[in-house]
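Novice: After the structure tokens below, expect a handful of questions from me.
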Amino acid sequence: MVNRDMSNSGIKHFFAVAALFVAITLAFPSVAGNPHGKSFQDWRVHCNSSSGAPSVCIMLQDVVFKSSRKTALQFVIRYIEDGKTLIGDIILPLGIHLPSGVTMQIDEGQVFEIPIEICTDSRMRGCRARFSFDKALLISLKAGANANIVFQDSRQSPVAVPVSLAGVTAGLKAIK
């Protein structure tokens with residue numbers, strides 16, 4: 001996990017890191033004991049395969065607030081079934097202001113607005129904002145140092161979460 005020294009000002013609904021681990025384990029059953037799981041600087045890669053099925057790999061980063069040890073967000077990157085389309089899932093805590101959506105900015109580049117698709121307290125235990133990578137965004141991701149993710153808490157106060165991009169290029173090669 002990447003620790004960030006940030007204030008959790010008024011955000012009371014962050015889910016625990018343990019709940020996040022359980023959610024990942026449920027979503028990808030063989031993640032916990034996967035010998036192919038590897039770290040690429042600040043990113044982890046996990047692969048899951050069913051008997052006779054090709055392996056499905058994801059790369060992810062959990063970002064936690066240093067002061068509270070609560071999860072700020074989880075950033076997941078993976079290819080969809082066609083093996084060509086790369087998507088990103090940003091999993092946010094329950095209890096955030098939904099209409100505001102999420103913004104992502106890589107370094108000082110363009111600000112991307114990402115709608116929040118769904119919130120659930122079951123397997124994922126959080127709110128998911130999903131987007132696909134076009135060529136320009138993928139180039140920015142690989143060349144960037146940090147992505148700044150911003151969402152609003154339940155009081156509509158902005159919460160900015162820096163996500164390290166160290167290891168992204170190597171991680172992307174591993175999940176291809």
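We name chains A, B, ... following the order of the structure tokens; residues begin at 1 in each chain, and ligands are numbered from 1 as shown.
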Can you list, as a PyMOL selection string, every protein, DNA or RNA residue that comes within 10 Å of region 88-101 of chain A when you count only C-alpha atoms, leaving out same-chain residues fewer than 5 positions away?

Specialist: chain A and resi 11-16+20+58-62+70-79+113-121+124-133+149-159

Novice: Using C-alpha atoms, can you export the residues from the last selection as a PDB file, in the first residue's frame?

Specialist:
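That gives us selection-v4.pdb:
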ATOM      1  CA  ILE A  11     -14.975  11.365   5.819  1.00  0.00           C
ATOM      2  CA  LYS A  12     -16.397   8.767   8.148  1.00  0.00           C
ATOM      3  CA  HIS A  13     -17.383   6.104   5.678  1.00  0.00           C
ATOM      4  CA  PHE A  14     -14.051   4.880   4.442  1.00  0.00           C
ATOM      5  CA  PHE A  15     -13.937   1.138   4.323  1.00  0.00           C
ATOM      6  CA  ALA A  16     -11.160  -0.708   6.064  1.00  0.00           C
ATOM      7  CA  LEU A  20     -10.848  -4.194   0.565  1.00  0.00           C
ATOM      8  CA  ILE A  58      -5.124  -6.896 -13.061  1.00  0.00           C
ATOM      9  CA  MET A  59      -2.822  -4.270 -11.655  1.00  0.00           C
ATOM     10  CA  LEU A  60      -3.877  -2.284  -8.640  1.00  0.00           C
ATOM     11  CA  GLN A  61      -2.840   0.207  -6.029  1.00  0.00           C
ATOM     12  CA  ASP A  62      -4.467   0.800  -2.664  1.00  0.00           C
ATOM     13  CA  LYS A  70      -8.355   3.958   6.238  1.00  0.00           C
ATOM     14  CA  THR A  71      -8.510   3.318   2.531  1.00  0.00           C
ATOM     15  CA  ALA A  72      -8.885   6.453   0.432  1.00  0.00           C
ATOM     16  CA  LEU A  73      -9.328   4.577  -2.844  1.00  0.00           C
ATOM     17  CA  GLN A  74      -8.284   1.611  -4.889  1.00  0.00           C
ATOM     18  CA  PHE A  75      -7.153   2.077  -8.484  1.00  0.00           C
ATOM     19  CA  VAL A  76      -7.463  -1.028 -10.701  1.00  0.00           C
ATOM     20  CA  ILE A  77      -6.288  -1.302 -14.313  1.00  0.00           C
ATOM     21  CA  ARG A  78      -7.082  -4.282 -16.552  1.00  0.00           C
ATOM     22  CA  TYR A  79      -7.823  -5.389 -20.066  1.00  0.00           C
ATOM     23  CA  GLU A 113     -14.296  13.786 -15.481  1.00  0.00           C
ATOM     24  CA  ILE A 114     -15.360  10.245 -14.602  1.00  0.00           C
ATOM     25  CA  PRO A 115     -18.926   9.428 -13.585  1.00  0.00           C
ATOM     26  CA  ILE A 116     -19.577   7.103 -10.675  1.00  0.00           C
ATOM     27  CA  GLU A 117     -21.381   4.027 -12.035  1.00  0.00           C
ATOM     28  CA  ILE A 118     -22.443   2.031  -9.020  1.00  0.00           C
ATOM     29  CA  CYS A 119     -22.129   1.797  -5.260  1.00  0.00           C
ATOM     30  CA  THR A 120     -22.538  -1.435  -3.342  1.00  0.00           C
ATOM     31  CA  ASP A 121     -21.820  -2.772   0.096  1.00  0.00           C
ATOM     32  CA  MET A 124     -16.806  -4.441  -4.038  1.00  0.00           C
ATOM     33  CA  ARG A 125     -17.868  -2.473  -0.922  1.00  0.00           C
ATOM     34  CA  GLY A 126     -17.578   0.973  -2.396  1.00  0.00           C
ATOM     35  CA  CYS A 127     -18.419   3.152  -5.361  1.00  0.00           C
ATOM     36  CA  ARG A 128     -16.936   2.439  -8.780  1.00  0.00           C
ATOM     37  CA  ALA A 129     -15.965   5.002 -11.385  1.00  0.00           C
ATOM     38  CA  ARG A 130     -14.938   3.252 -14.629  1.00  0.00           C
ATOM     39  CA  PHE A 131     -13.228   4.652 -17.687  1.00  0.00           C
ATOM     40  CA  SER A 132     -11.361   3.380 -20.731  1.00  0.00           C
ATOM     41  CA  PHE A 133      -7.925   4.506 -21.829  1.00  0.00           C
ATOM     42  CA  ILE A 149      -7.949  11.800  -8.054  1.00  0.00           C
ATOM     43  CA  VAL A 150     -10.571  14.156  -6.607  1.00  0.00           C
ATOM     44  CA  PHE A 151     -14.025  13.286  -5.287  1.00  0.00           C
ATOM     45  CA  GLN A 152     -16.332  14.921  -2.764  1.00  0.00           C
ATOM     46  CA  ASP A 153     -17.151  13.649   0.693  1.00  0.00           C
ATOM     47  CA  SER A 154     -20.709  13.539   2.045  1.00  0.00           C
ATOM     48  CA  ARG A 155     -20.479  17.240   2.972  1.00  0.00           C
ATOM     49  CA  GLN A 156     -19.490  18.066  -0.616  1.00  0.00           C
ATOM     50  CA  SER A 157     -15.947  18.967   0.384  1.00  0.00           C
ATOM     51  CA  PRO A 158     -13.310  17.976  -2.158  1.00  0.00           C
ATOM     52  CA  VAL A 159     -10.974  15.127  -1.245  1.00  0.00           C
TER      53      VAL A 159
END

Novice: Write down as a PyMOL selection string the residues of region 39-150 of chain A whose backbone DSSP state falls under helix (DSSP H, G or I).

Specialist: chain A and resi 135-143

Novice: How would the residues just chosen look if you wrote them out with C-alpha atoms as a PDB file, in the first residue's frame?

Specialist:
ATOM      1  CA  LYS A 135      -4.071   6.364 -26.752  1.00  0.00           C
ATOM      2  CA  ALA A 136      -3.360   9.873 -25.377  1.00  0.00           C
ATOM      3  CA  LEU A 137      -4.413   8.960 -21.821  1.00  0.00           C
ATOM      4  CA  LEU A 138      -2.318   5.790 -21.911  1.00  0.00           C
ATOM      5  CA  ILE A 139       0.742   7.755 -23.050  1.00  0.00           C
ATOM      6  CA  SER A 140       0.169  10.274 -20.227  1.00  0.00           C
ATOM      7  CA  LEU A 141      -0.246   7.460 -17.702  1.00  0.00           C
ATOM      8  CA  LYS A 142       3.031   5.801 -18.718  1.00  0.00           C
ATOM      9  CA  ALA A 143       4.966   9.092 -18.752  1.00  0.00           C
TER      10      ALA A 143
END

Novice: Set the distance at 8 Å and use only C-alpha atoms: which residues neighbour Val45 (chain A) once local chain neighbours fewer than 3 positions away are removed? I'd like the list as a ChimeraX atom specification.

Specialist: /A:37-40,57-60,171,174-175

Novice: Residues as selected, N, CA and C atoms, written as an mmCIF file, in the first residue's frame, can you do that?

Specialist:
data_model
loop_
_atom_site.group_PDB
_atom_site.id
_atom_site.type_symbol
_atom_site.label_atom_id
_atom_site.label_comp_id
_atom_site.auth_asym_id
_atom_site.auth_seq_id
_atom_site.Cartn_x
_atom_site.Cartn_y
_atom_site.Cartn_z
ATOM 1 N N GLY A 37 1.576 -13.236 -8.400
ATOM 2 C CA GLY A 37 1.375 -11.858 -7.955
ATOM 3 C C GLY A 37 2.735 -11.198 -7.776
ATOM 4 N N LYS A 38 2.896 -10.013 -8.335
ATOM 5 C CA LYS A 38 4.175 -9.328 -8.286
ATOM 6 C C LYS A 38 3.964 -7.857 -8.046
ATOM 7 N N SER A 39 4.953 -7.217 -7.473
ATOM 8 C CA SER A 39 4.907 -5.773 -7.283
ATOM 9 C C SER A 39 5.799 -5.090 -8.300
ATOM 10 N N PHE A 40 5.307 -3.981 -8.801
ATOM 11 C CA PHE A 40 6.057 -3.128 -9.707
ATOM 12 C C PHE A 40 6.032 -1.737 -9.097
ATOM 13 N N CYS A 57 -5.394 -10.982 -15.639
ATOM 14 C CA CYS A 57 -4.534 -10.239 -14.724
ATOM 15 C C CYS A 57 -5.024 -8.810 -14.563
ATOM 16 N N ILE A 58 -4.822 -8.293 -13.370
ATOM 17 C CA ILE A 58 -5.124 -6.896 -13.061
ATOM 18 C C ILE A 58 -3.904 -6.281 -12.395
ATOM 19 N N MET A 59 -3.808 -4.975 -12.465
ATOM 20 C CA MET A 59 -2.822 -4.270 -11.655
ATOM 21 C C MET A 59 -3.594 -3.297 -10.785
ATOM 22 N N LEU A 60 -3.136 -3.121 -9.562
ATOM 23 C CA LEU A 60 -3.877 -2.284 -8.640
ATOM 24 C C LEU A 60 -2.970 -1.592 -7.649
ATOM 25 N N GLY A 171 4.013 -2.728 -14.934
ATOM 26 C CA GLY A 171 2.795 -3.448 -14.585
ATOM 27 C C GLY A 171 1.920 -3.707 -15.792
ATOM 28 N N ALA A 174 3.117 -6.569 -17.717
ATOM 29 C CA ALA A 174 2.860 -7.841 -17.025
ATOM 30 C C ALA A 174 1.428 -8.322 -17.189
ATOM 31 N N ILE A 175 0.461 -7.408 -17.346
ATOM 32 C CA ILE A 175 -0.931 -7.836 -17.460
ATOM 33 C C ILE A 175 -1.380 -8.062 -18.897
#

Novice: Name the closest residue to Thr85 (chain A) among the candidates A:Val102, A:Ser164, A:Asp107, A:Lys176; distances are taken between atoms, counting only C-alpha atoms.

Specialist: A:Lys176

Novice: Could you find all residues in region 17-169 of chain A that DSSP calls strand (DSSP E) from the backbone, and write them as a ChimeraX atom specification?

Specialist: /A:38-40,43-48,56-65,71-79,86-92,102-106,111-114,116-120,126-132,146-152,158-164

Novice: Can you tell me which residues surround Ala166 (chain A) at a distance of at most 7 Å, considering only C-alpha atoms, apart from same-chain residues fewer than 3 positions away, and format the answer as a list in words?

Specialist: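 Near Ala166 (chain A), the qualifying residues are Gln41, Asp42 and Ala145 of chain A.
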
Novice: Would you output that residue set with C-alpha atoms, as a PDB file, in the first residue's frame?

Specialist:
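The result, written out as selection_28.pdb:
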ATOM      1  CA  GLN A  41       7.099  -0.231  -7.480  1.00  0.00           C
ATOM      2  CA  ASP A  42       3.776   1.172  -6.164  1.00  0.00           C
ATOM      3  CA  ALA A 145       4.628  10.653 -12.055  1.00  0.00           C
TER       4      ALA A 145
END

Novice: Between CA of Val56 (chain A) and CA of Leu86 (chain A), what distance in Å does the model show, to one decimal?

Specialist: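 Computed distance, CA of Val56 (chain A) to CA of Leu86 (chain A), equals 12.7 Å.
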
Novice: Name the closest residue to Gln110 (chain A) among the candidates A:Ala147, A:Cys47, A:Ile80, A:Ile87; distances are taken between atoms, counting only C-alpha atoms.

Specialist: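 Between A:Ala147, A:Cys47, A:Ile80, A:Ile87, the residue approaching Gln110 (chain A) most closely is A:Ala147.
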